[in-house]
$ cat target-v9.cif   # mmCIF, C-alpha atoms
data_my_file
loop_
_atom_site.label_atom_id
_atom_site.label_comp_id
_atom_site.auth_asym_id
_atom_site.auth_seq_id
_atom_site.Cartn_x
_atom_site.Cartn_y
_atom_site.Cartn_z
CA MET A 1 -44.46 22.09 5.63
CA ASN A 2 -43.90 20.85 2.09
CA ARG A 3 -43.09 17.36 0.97
CA THR A 4 -39.67 17.99 -0.50
CA ILE A 5 -37.66 16.43 2.29
CA PRO A 6 -39.62 13.18 2.56
CA ALA A 7 -39.56 12.90 -1.24
CA ALA A 8 -35.81 13.44 -1.33
CA LEU A 9 -35.28 10.87 1.43
CA ALA A 10 -37.46 8.36 -0.37
CA GLY A 11 -35.43 8.95 -3.54
CA LEU A 12 -32.18 8.35 -1.67
CA ALA A 13 -33.55 5.21 -0.08
CA LEU A 14 -34.46 3.94 -3.56
CA LEU A 15 -30.95 4.71 -4.81
CA ALA A 16 -29.46 2.89 -1.83
CA ALA A 17 -31.73 -0.11 -2.36
CA MET A 18 -30.65 -0.30 -6.01
CA GLY A 19 -27.02 -0.48 -4.92
CA CYS A 20 -27.70 -3.45 -2.68
CA ARG A 21 -28.82 -5.97 -5.29
CA GLN A 22 -26.18 -8.72 -5.55
CA ASP A 23 -27.83 -10.85 -8.26
CA MET A 24 -25.13 -10.10 -10.79
CA HIS A 25 -22.34 -10.47 -8.24
CA ASP A 26 -23.25 -14.09 -7.78
CA GLY A 27 -24.89 -15.20 -10.98
CA PRO A 28 -26.64 -18.51 -11.67
CA TYR A 29 -23.47 -20.20 -12.90
CA LEU A 30 -21.06 -22.02 -10.59
CA GLU A 31 -17.48 -20.96 -10.14
CA ARG A 32 -14.64 -23.43 -9.70
CA LEU A 33 -14.96 -25.36 -6.43
CA GLU A 34 -18.14 -23.48 -5.53
CA LYS A 35 -20.74 -25.34 -3.52
CA SER A 36 -23.47 -26.93 -5.60
CA THR A 37 -26.91 -28.01 -4.45
CA PHE A 38 -27.44 -29.91 -7.69
CA PHE A 39 -24.83 -32.65 -7.33
CA GLU A 40 -25.07 -35.14 -4.50
CA ASP A 41 -21.54 -34.58 -3.23
CA GLY A 42 -22.11 -30.81 -3.21
CA ARG A 43 -19.24 -30.09 -5.60
CA ALA A 44 -19.58 -27.85 -8.62
CA SER A 45 -16.21 -29.01 -10.01
CA ARG A 46 -16.85 -32.47 -11.40
CA PRO A 47 -14.27 -35.25 -11.45
CA PRO A 48 -13.73 -36.73 -14.92
CA VAL A 49 -15.46 -40.02 -15.63
CA PRO A 50 -13.04 -42.86 -14.72
CA GLY A 51 -10.98 -43.84 -17.73
CA THR A 52 -11.28 -40.46 -19.41
CA VAL A 53 -8.29 -39.53 -21.57
CA ALA A 54 -7.95 -35.81 -22.17
CA ASP A 55 -7.10 -34.66 -25.68
CA GLY A 56 -3.35 -35.03 -26.19
CA GLU A 57 -2.90 -36.86 -22.87
CA LEU A 58 -2.71 -40.48 -24.00
CA HIS A 59 0.67 -40.85 -22.24
CA ALA A 60 1.83 -43.58 -24.60
CA ASP A 61 5.52 -42.73 -24.03
CA GLU A 62 6.38 -45.19 -21.27
CA HIS A 63 9.82 -43.73 -20.54
CA LEU A 64 8.50 -40.15 -20.18
CA TYR A 65 5.33 -40.85 -18.22
CA THR A 66 6.14 -43.89 -16.07
CA GLY A 67 9.89 -43.53 -15.63
CA TYR A 68 10.23 -47.21 -16.52
CA VAL A 69 11.89 -48.83 -19.54
CA ASP A 70 11.21 -52.55 -20.08
CA GLY A 71 10.00 -52.92 -16.51
CA GLU A 72 13.14 -51.38 -14.97
CA PRO A 73 13.54 -47.80 -13.61
CA ALA A 74 14.89 -45.72 -16.50
CA THR A 75 18.63 -45.15 -16.42
CA THR A 76 18.38 -42.19 -18.82
CA PHE A 77 16.31 -39.03 -19.11
CA PRO A 78 13.53 -39.02 -21.72
CA PHE A 79 14.73 -35.67 -23.10
CA ALA A 80 18.01 -33.77 -23.26
CA VAL A 81 19.04 -32.20 -19.95
CA THR A 82 20.04 -28.61 -20.70
CA ARG A 83 21.02 -25.84 -18.32
CA GLU A 84 17.46 -24.54 -18.73
CA VAL A 85 16.03 -27.88 -17.55
CA VAL A 86 18.27 -27.94 -14.46
CA GLU A 87 17.34 -24.35 -13.57
CA ARG A 88 13.65 -25.13 -13.98
CA GLY A 89 14.23 -28.15 -11.75
CA ARG A 90 15.83 -25.92 -9.14
CA THR A 91 12.78 -23.65 -8.89
CA ARG A 92 10.41 -26.63 -8.68
CA PHE A 93 12.66 -28.37 -6.12
CA GLU A 94 12.61 -25.27 -3.93
CA ILE A 95 8.83 -24.99 -4.17
CA PHE A 96 7.88 -28.62 -3.62
CA CYS A 97 10.80 -30.56 -2.11
CA ARG A 98 12.81 -28.14 0.02
CA PRO A 99 10.38 -28.03 2.99
CA CYS A 100 11.33 -31.63 3.83
CA HIS A 101 14.50 -32.47 1.88
CA GLY A 102 16.25 -29.16 2.63
CA SER A 103 18.06 -26.86 0.22
CA LEU A 104 21.01 -29.26 -0.02
CA GLY A 105 18.94 -32.42 -0.22
CA ASP A 106 20.34 -33.64 3.10
CA GLY A 107 16.88 -34.16 4.61
CA TYR A 108 17.02 -31.29 7.12
CA GLY A 109 14.10 -29.23 5.81
CA THR A 110 12.05 -26.88 7.98
CA VAL A 111 9.17 -29.37 8.23
CA VAL A 112 11.57 -32.07 9.38
CA ARG A 113 12.86 -29.73 12.09
CA ARG A 114 9.22 -29.48 13.24
CA GLY A 115 8.92 -33.23 13.67
CA PHE A 116 8.33 -34.88 10.30
CA GLN A 117 10.35 -38.05 9.97
CA GLN A 118 13.64 -37.23 8.28
CA PRO A 119 13.86 -38.47 4.68
CA PRO A 120 17.15 -40.07 3.61
CA SER A 121 19.85 -37.69 2.38
CA TYR A 122 20.41 -37.72 -1.40
CA HIS A 123 24.10 -38.07 -0.62
CA ILE A 124 24.10 -41.70 0.46
CA ASP A 125 25.42 -44.43 -1.83
CA ARG A 126 22.03 -46.01 -2.44
CA LEU A 127 20.62 -42.76 -3.85
CA ARG A 128 23.81 -41.66 -5.62
CA ASN A 129 23.63 -44.92 -7.54
CA ALA A 130 19.85 -44.87 -8.06
CA PRO A 131 18.79 -44.33 -11.69
CA PRO A 132 16.80 -41.20 -12.71
CA GLY A 133 13.68 -43.35 -13.14
CA HIS A 134 13.75 -44.12 -9.40
CA PHE A 135 13.49 -40.45 -8.42
CA TYR A 136 10.84 -39.85 -11.07
CA ASN A 137 8.74 -42.62 -9.57
CA VAL A 138 9.12 -41.36 -6.02
CA ILE A 139 7.81 -37.94 -7.13
CA ALA A 140 4.97 -39.43 -9.15
CA ASN A 141 3.87 -42.18 -6.78
CA GLY A 142 5.25 -41.32 -3.37
CA TYR A 143 7.63 -43.38 -1.23
CA GLY A 144 7.53 -44.30 2.45
CA ARG A 145 5.86 -41.41 4.26
CA MET A 146 6.09 -39.14 1.23
CA TYR A 147 2.81 -38.70 -0.62
CA SER A 148 2.59 -38.67 -4.38
CA PHE A 149 3.10 -35.25 -5.95
CA ASN A 150 1.67 -36.26 -9.33
CA ASP A 151 -1.25 -33.83 -9.06
CA ARG A 152 1.01 -30.87 -8.27
CA ILE A 153 4.10 -31.49 -10.39
CA GLN A 154 3.64 -32.07 -14.10
CA THR A 155 5.61 -34.72 -16.01
CA GLU A 156 8.39 -32.56 -17.51
CA ASP A 157 8.87 -30.77 -14.20
CA ARG A 158 9.34 -34.10 -12.39
CA TRP A 159 12.23 -34.94 -14.71
CA ALA A 160 13.60 -31.42 -14.29
CA ILE A 161 13.62 -31.96 -10.52
CA VAL A 162 15.43 -35.27 -11.01
CA ALA A 163 18.06 -33.42 -13.06
CA TYR A 164 18.47 -30.88 -10.25
CA ILE A 165 18.78 -33.66 -7.66
CA ARG A 166 21.64 -35.07 -9.78
CA ALA A 167 23.25 -31.60 -9.72
CA LEU A 168 22.84 -31.45 -5.92
CA GLN A 169 24.45 -34.87 -5.58
CA LEU A 170 27.40 -33.76 -7.72
CA SER A 171 27.71 -30.56 -5.70
CA GLN A 172 28.27 -32.51 -2.49
CA SER A 173 30.63 -35.18 -3.81
CA THR A 174 32.92 -33.47 -6.32
CA PRO A 175 36.51 -32.92 -5.17
CA LEU A 176 37.66 -29.32 -5.42
CA GLY A 177 40.37 -30.33 -7.89
CA ASP A 178 37.76 -31.47 -10.44
CA LEU A 179 36.18 -28.01 -10.70
CA PRO A 180 37.09 -25.54 -13.46
CA GLU A 181 40.04 -23.29 -12.56
CA GLY A 182 37.96 -20.08 -12.37
CA VAL A 183 35.42 -21.64 -10.01
CA VAL A 184 38.18 -22.91 -7.71
CA ALA A 185 39.65 -19.41 -7.52
CA GLU A 186 36.21 -17.97 -6.66
CA LEU A 187 35.70 -20.52 -3.88
CA ARG A 188 39.18 -19.88 -2.48
CA ALA A 189 38.39 -16.17 -2.45
CA GLU A 190 35.34 -17.02 -0.30
CA GLY A 191 37.66 -18.76 2.13
CA ILE A 192 36.80 -22.36 1.19
CA GLN A 193 39.82 -24.70 1.48
CA MET B 194 -56.10 39.37 0.70
CA PRO B 195 -53.83 39.31 3.68
CA GLN B 196 -50.28 37.92 3.41
CA PHE B 197 -50.57 34.14 3.33
CA PHE B 198 -46.97 33.41 4.38
CA PRO B 199 -45.38 35.08 7.38
CA LYS B 200 -42.05 36.81 6.80
CA SER B 201 -40.16 33.99 8.41
CA ALA B 202 -41.22 31.74 5.53
CA ASN B 203 -38.48 33.28 3.42
CA MET B 204 -35.88 31.84 5.78
CA LEU B 205 -37.73 28.52 5.92
CA ALA B 206 -37.75 28.24 2.15
CA LEU B 207 -34.02 28.91 1.97
CA LEU B 208 -33.35 26.46 4.76
CA THR B 209 -35.43 23.81 3.03
CA LEU B 210 -33.49 24.26 -0.19
CA ALA B 211 -30.18 24.09 1.69
CA ILE B 212 -31.21 20.95 3.55
CA VAL B 213 -32.33 19.23 0.35
CA ALA B 214 -29.08 20.10 -1.41
CA LEU B 215 -26.92 19.06 1.54
CA GLY B 216 -29.05 15.99 2.17
CA ALA B 217 -28.74 14.80 -1.41
CA GLY B 218 -25.01 15.48 -1.45
CA GLY B 219 -24.50 13.95 1.95
CA GLY B 220 -26.63 10.94 1.08
CA LEU B 221 -24.66 10.31 -2.11
CA SER B 222 -21.36 10.77 -0.29
CA ALA B 223 -22.52 8.39 2.43
CA LEU B 224 -23.36 5.81 -0.25
CA LEU B 225 -20.01 6.18 -1.95
CA ILE B 226 -18.11 6.09 1.33
CA THR B 227 -20.04 3.07 2.58
CA SER B 228 -19.52 1.12 -0.63
CA ARG B 229 -15.75 1.69 -0.36
CA SER B 230 -15.54 1.03 3.37
CA PRO B 231 -14.40 -2.25 4.92
CA TYR B 232 -18.04 -2.69 6.01
CA ASN B 233 -18.84 -3.42 2.37
CA THR B 234 -15.51 -4.64 0.96
CA GLN B 235 -14.37 -6.60 4.04
CA GLN B 236 -10.91 -5.16 3.45
CA GLY B 237 -8.65 -5.84 6.40
CA MET B 238 -11.19 -8.05 8.16
CA PRO B 239 -9.95 -11.57 9.04
CA ILE B 240 -12.37 -14.22 7.80
CA GLY B 241 -13.17 -17.23 9.98
CA GLN B 242 -12.56 -20.68 8.50
CA PRO B 243 -13.61 -24.23 9.48
CA VAL B 244 -9.94 -24.83 10.33
CA PRO B 245 -7.98 -21.74 11.44
CA PHE B 246 -5.33 -22.17 8.73
CA SER B 247 -2.45 -19.73 9.20
CA HIS B 248 -0.64 -18.52 6.09
CA LYS B 249 1.80 -16.80 8.44
CA HIS B 250 2.88 -20.04 10.09
CA HIS B 251 3.25 -21.95 6.83
CA THR B 252 5.14 -19.24 4.93
CA THR B 253 7.13 -17.17 7.43
CA GLY B 254 7.40 -19.99 9.95
CA LEU B 255 8.23 -22.86 7.60
CA GLY B 256 9.46 -21.07 4.48
CA ILE B 257 7.02 -22.86 2.18
CA ASP B 258 6.56 -21.19 -1.23
CA CYS B 259 3.03 -20.05 -2.18
CA ARG B 260 3.10 -22.41 -5.15
CA HIS B 261 3.61 -25.49 -2.97
CA CYS B 262 -0.18 -25.40 -2.49
CA HIS B 263 -1.37 -22.87 -5.08
CA TYR B 264 0.49 -24.82 -7.73
CA SER B 265 -1.48 -23.84 -10.84
CA VAL B 266 -1.07 -20.07 -10.44
CA GLU B 267 1.55 -19.85 -13.21
CA VAL B 268 -0.33 -21.87 -15.80
CA SER B 269 -4.01 -21.37 -15.08
CA GLY B 270 -6.49 -18.62 -14.43
CA PHE B 271 -7.20 -20.32 -11.12
CA ALA B 272 -4.46 -20.40 -8.49
CA ALA B 273 -5.81 -23.65 -6.96
CA ILE B 274 -7.30 -24.19 -3.54
CA PRO B 275 -5.36 -27.20 -2.31
CA PRO B 276 -7.28 -30.45 -1.85
CA THR B 277 -7.31 -32.09 1.58
CA LYS B 278 -4.58 -34.46 0.39
CA THR B 279 -2.16 -31.53 0.25
CA CYS B 280 -2.75 -30.77 3.95
CA MET B 281 -2.34 -34.44 4.79
CA THR B 282 1.03 -34.62 3.00
CA CYS B 283 2.46 -33.29 6.26
CA HIS B 284 -0.43 -33.56 8.71
CA SER B 285 -0.74 -37.31 8.41
CA GLN B 286 2.59 -37.26 10.28
CA ILE B 287 2.84 -34.06 12.32
CA TRP B 288 0.11 -32.48 14.44
CA ASN B 289 -1.78 -35.59 13.42
CA GLU B 290 -3.67 -35.76 16.69
CA ALA B 291 -4.37 -32.04 17.07
CA PRO B 292 -8.11 -31.55 17.70
CA MET B 293 -7.92 -28.36 15.63
CA LEU B 294 -7.14 -30.44 12.54
CA GLU B 295 -9.93 -32.98 13.01
CA PRO B 296 -12.02 -31.47 10.16
CA VAL B 297 -9.04 -32.06 7.84
CA ARG B 298 -8.69 -35.69 8.88
CA GLU B 299 -12.44 -36.18 8.66
CA SER B 300 -12.45 -34.77 5.13
CA PHE B 301 -9.61 -37.14 4.19
CA ARG B 302 -11.42 -40.16 5.68
CA THR B 303 -14.86 -39.43 4.26
CA ASP B 304 -13.91 -37.67 0.99
CA GLU B 305 -16.22 -34.81 1.95
CA SER B 306 -14.94 -31.36 1.02
CA ILE B 307 -13.90 -28.88 3.69
CA ASP B 308 -16.15 -25.80 3.53
CA TRP B 309 -13.39 -23.20 3.17
CA VAL B 310 -14.72 -19.65 3.04
CA ARG B 311 -13.58 -17.78 -0.03
CA VAL B 312 -11.85 -14.52 0.91
CA HIS B 313 -11.10 -13.07 -2.54
CA ASP B 314 -14.28 -13.45 -4.55
CA LEU B 315 -14.71 -11.25 -7.59
CA PRO B 316 -18.20 -10.60 -8.94
CA ASP B 317 -19.26 -13.10 -11.59
CA TYR B 318 -19.20 -10.41 -14.27
CA VAL B 319 -15.46 -9.88 -13.84
CA TYR B 320 -13.00 -12.07 -15.69
CA PHE B 321 -9.74 -12.54 -13.86
CA ASN B 322 -6.76 -14.74 -14.74
CA HIS B 323 -3.92 -15.38 -12.28
CA SER B 324 -1.39 -16.77 -14.78
CA ILE B 325 -1.28 -13.70 -17.03
CA HIS B 326 -0.63 -11.47 -14.00
CA VAL B 327 2.19 -13.50 -12.46
CA ASN B 328 3.82 -14.17 -15.83
CA LYS B 329 3.86 -10.44 -16.55
CA GLY B 330 5.59 -9.73 -13.27
CA VAL B 331 2.80 -8.90 -10.82
CA GLY B 332 3.72 -10.47 -7.49
CA CYS B 333 1.32 -12.22 -5.08
CA ALA B 334 1.85 -9.54 -2.44
CA THR B 335 0.98 -6.74 -4.89
CA CYS B 336 -2.71 -7.73 -4.72
CA HIS B 337 -2.92 -10.03 -1.71
CA GLY B 338 -0.72 -7.97 0.61
CA GLN B 339 1.61 -9.41 3.24
CA VAL B 340 -0.01 -12.83 3.36
CA ASN B 341 3.06 -13.99 5.28
CA GLU B 342 1.87 -11.89 8.21
CA MET B 343 -1.74 -13.08 8.19
CA PRO B 344 -2.67 -15.71 10.77
CA LEU B 345 -6.18 -15.82 9.30
CA MET B 346 -6.64 -14.59 5.75
CA TRP B 347 -8.06 -11.17 4.97
CA LYS B 348 -8.33 -8.95 1.94
CA ALA B 349 -5.49 -6.44 1.86
CA ASN B 350 -7.18 -4.51 -0.94
CA THR B 351 -10.76 -3.68 -1.89
CA LEU B 352 -10.69 -5.63 -5.18
CA GLN B 353 -12.97 -2.90 -6.48
CA MET B 354 -12.81 -1.69 -10.06
CA GLN B 355 -11.19 1.58 -9.08
CA TRP B 356 -8.36 -0.35 -7.49
CA CYS B 357 -7.92 -2.63 -10.53
CA MET B 358 -7.88 0.41 -12.81
CA ASP B 359 -5.24 2.21 -10.74
CA CYS B 360 -2.82 -0.49 -11.88
CA HIS B 361 -4.27 -1.12 -15.33
CA TRP B 362 -3.76 2.52 -16.27
CA ASN B 363 -0.15 2.42 -15.21
CA PRO B 364 1.04 -1.16 -14.63
CA GLU B 365 4.82 -0.62 -14.97
CA VAL B 366 5.45 0.54 -11.42
CA ASN B 367 3.82 -2.58 -9.99
CA LEU B 368 6.09 -5.04 -11.79
CA ARG B 369 8.88 -7.13 -10.34
CA PRO B 370 11.23 -9.75 -11.82
CA ARG B 371 9.44 -13.04 -12.48
CA ASP B 372 11.71 -14.97 -10.13
CA GLN B 373 10.55 -12.74 -7.25
CA ILE B 374 6.81 -13.32 -7.78
CA THR B 375 6.20 -15.19 -4.53
CA ASN B 376 8.81 -13.30 -2.50
CA MET B 377 6.85 -11.51 0.23
CA ASP B 378 9.79 -9.28 1.15
CA TRP B 379 10.72 -8.00 -2.32
CA GLN B 380 10.97 -4.23 -2.52
CA PRO B 381 11.51 -2.10 -5.62
CA PRO B 382 14.74 -0.06 -5.63
CA ALA B 383 14.48 2.78 -3.11
CA ASP B 384 16.00 5.28 -5.51
CA ALA B 385 13.23 6.81 -7.66
CA GLU B 386 15.31 6.78 -10.83
CA ALA B 387 16.41 3.18 -10.44
CA ARG B 388 12.84 2.24 -9.65
CA GLN B 389 11.53 3.84 -12.83
CA ALA B 390 14.35 2.27 -14.85
CA LEU B 391 13.43 -1.21 -13.56
CA ALA B 392 9.73 -0.56 -14.22
CA THR B 393 10.43 0.47 -17.81
CA GLN B 394 12.84 -2.41 -18.39
CA LEU B 395 10.43 -5.07 -17.03
CA ALA B 396 7.47 -3.67 -18.96
CA GLU B 397 9.57 -3.87 -22.13
CA GLU B 398 10.94 -7.33 -21.39
CA TYR B 399 7.57 -8.88 -20.44
CA ASP B 400 5.63 -6.89 -23.06
CA VAL B 401 3.31 -5.33 -20.48
CA GLN B 402 0.69 -2.99 -21.86
CA SER B 403 -1.91 -0.85 -20.19
CA LYS B 404 -5.17 -2.75 -20.76
CA VAL B 405 -8.20 -0.61 -20.03
CA SER B 406 -10.84 -1.54 -22.58
CA CYS B 407 -14.11 -2.71 -20.93
CA SER B 408 -13.99 -6.14 -22.54
CA VAL B 409 -10.59 -6.99 -21.03
CA CYS B 410 -12.34 -7.79 -17.75
CA HIS B 411 -16.06 -7.74 -18.64
CA ARG B 412 -16.29 -10.31 -21.40
#

$ encode --input "target-v9.cif" --output "structure tokens"
Amino acid sequence: MNRTIPAALAGLALLAAMGCRQDMHDGPYLERLEKSTFFEDGRASRPPVPGTVADGELHADEHLYTGYVDGEPATTFPFAVTREVVERGRTRFEIFCRPCHGSLGDGYGTVVRRGFQQPPSYHIDRLRNAPPGHFYNVIANGYGRMYSFNDRIQTEDRWAIVAYIRALQLSQSTPLGDLPEGVVAELRAEGIQ
Amino acid sequence: MPQFFPKSANMLALLTLAIVALGAGGGLSALLITSRSPYNTQQGMPIGQPVPFSHKHHTTGLGIDCRHCHYSVEVSGFAAIPPTKTCMTCHSQIWNEAPMLEPVRESFRTDESIDWVRVHDLPDYVYFNHSIHVNKGVGCATCHGQVNEMPLMWKANTLQMQWCMDCHWNPEVNLRPRDQITNMDWQPPADAEARQALATQLAEEYDVQSKVSCSVCHR
């Protein structure tokens, strides 16, 4: 018997062994949120040193970043509210707010139907009369059982959501007669009295 | 000198050659098949987690958008693994005594991270950026599959280079309108012509090009 077969098998085994090295798959650098044995808390992603201000993130504009003007909740928006802003606000509202506040802002979201305490409807007098700065602050800092969403929703988007909440409030309180003629006709065609 | 080899040696020699050829071919095929099989890629295999988080329950059951937790997917290469605080936004109030969620509460109390097991982990020599994909019209489900039907998370695709290239050669047909990115039920038009028309239109509108140079992903 010759040695061809054992040699061929050994060659194949070598090939197979080469394919099994994972050194380059998981290199010596740490990916985001990977576990680290170097840092005491085991986290590769490091928190910034307290007091760090990122480049361009001084947040000196009080109105824009805190929602307050002279110690009072801002009664105006820090930038012009265009159709684009309201539509952006709608997408962000549906991502972040709808699960609890519901599509209409009446507080009957899916999570509420599963037992979360119902938040107040946007369509009560207190909230209809609340200034934009109030809503901005609730998003940024939380309110009651609602946690802060400041890590998930960036500044401009918070204001965009406030603009959309205003649109929702209008949508539930505007008499039919105040709508443009074409819109009224469309609604009537849908069977709305 | 008498004949050293018997006559049957002819057959033996042929057989040996055949076995070597088949063996080498078979061995190579076995390697290629194994490397593409779920045994190696873990495709379709649910991965256990410290808390049995169900994407199905949170998306199909509650209608929560992917970006509620994976909030940086549109602006960053990293889609974001939510911090414990995100879980506690609801679970401080509901299911807040469920034994199953004790690791979440413990993490919140002690500020120790939960050891989530990463399901989609590309090799370190591959550069991948979520934001460019979703902003060019590649939906979550296109790569991650029907996450809304996964109680525990698994890989719907191999994430192997061949699979990446299948799309990078011809990305148009995998595009959808940007406002449908997280919609798990979106389907392209059934009609082949309409489907191609949408593909062409979206590729034009979002300036999608076939990117196949090595350094696009291996930088």

$ closest_residue --input "target-v9.cif" --among "B:Asp317, B:Pro231, B:His248, B:Ala273" --to "chain A" --atoms "only C-alpha atoms"
B:Asp317

$ atom_distance --input "target-v9.cif" --atom1 "atom CA of Leu179 of chain A" --atom2 "atom CA of Ser121 of chain A"
23.1 Å

$ resolve_selection --input "target-v9.cif" --expression "the PyMOL selection byres ((chain B) within 7 of (chain A))" --output "NGL selection string"
:B and (213 or 220 or 224 or 255 or 257-258 or 260-261 or 264 or 282 or 286-287 or 316-318)

$ resolve_selection --input "target-v9.cif" --expression "the PyMOL selection byres ((chain A and resi 88) around 12)" --output "list in words"
Val81, Thr82, Arg83, Glu84, Val85, Val86, Glu87, Gly89, Arg90, Thr91, Arg92, Phe93, Glu94, Ile95, Glu156, Asp157, Arg158, Trp159, Ala160, Ile161, Val162, Ala163, Tyr164 and Ile165 of chain A; Asp372 of chain B

$ closest_residue --input "target-v9.cif" --among "B:Phe246, B:Tyr232, B:Phe301, B:Trp379" --to "Thr277 of chain B" --atoms "only C-alpha atoms"
B:Phe301

$ resolve_selection --input "target-v9.cif" --expression "the PyMOL selection byres ((chain B and resi 320-334) around 7)" --output "number ranges by chain"
B: 266-272, 318-319, 335-340, 367-371, 374-375, 377, 399, 401, 410-412

$ atom_distance --input "target-v9.cif" --atom1 "atom CA of Cys259 of chain B" --atom2 "atom CA of Pro245 of chain B"
17.6 Å

$ atom_distance --input "target-v9.cif" --atom1 "atom CA of Asp70 of chain A" --atom2 "atom CA of Tyr136 of chain A"
15.6 Å

$ axis_aligned_box --input "target-v9.cif" --around "segment 131-148 of chain A" --padding-each-side "4 Å" --output "AutoDock Vina command-line options"
--center_x 10.7 --center_y -41.1 --center_z -4.4 --size_x 24.2 --size_y 14.4 --size_z 25.4

$ residues_around --input "target-v9.cif" --residues "Val244 of chain B" --least-positions-apart "4" --cutoff "7 Å" --atoms "all atoms listed in the file" --output "list in words"
Met293, Leu294 and Pro296 of chain B

$ write_last_selection --input "target-v9.cif" --atoms "C-alpha atoms" --output "CSV table (one decimal), in the coordinates of the input"
chain,number,residue,atom,x,y,z
B,293,MET,CA,-7.9,-28.4,15.6
B,294,LEU,CA,-7.1,-30.4,12.5
B,296,PRO,CA,-12.0,-31.5,10.2
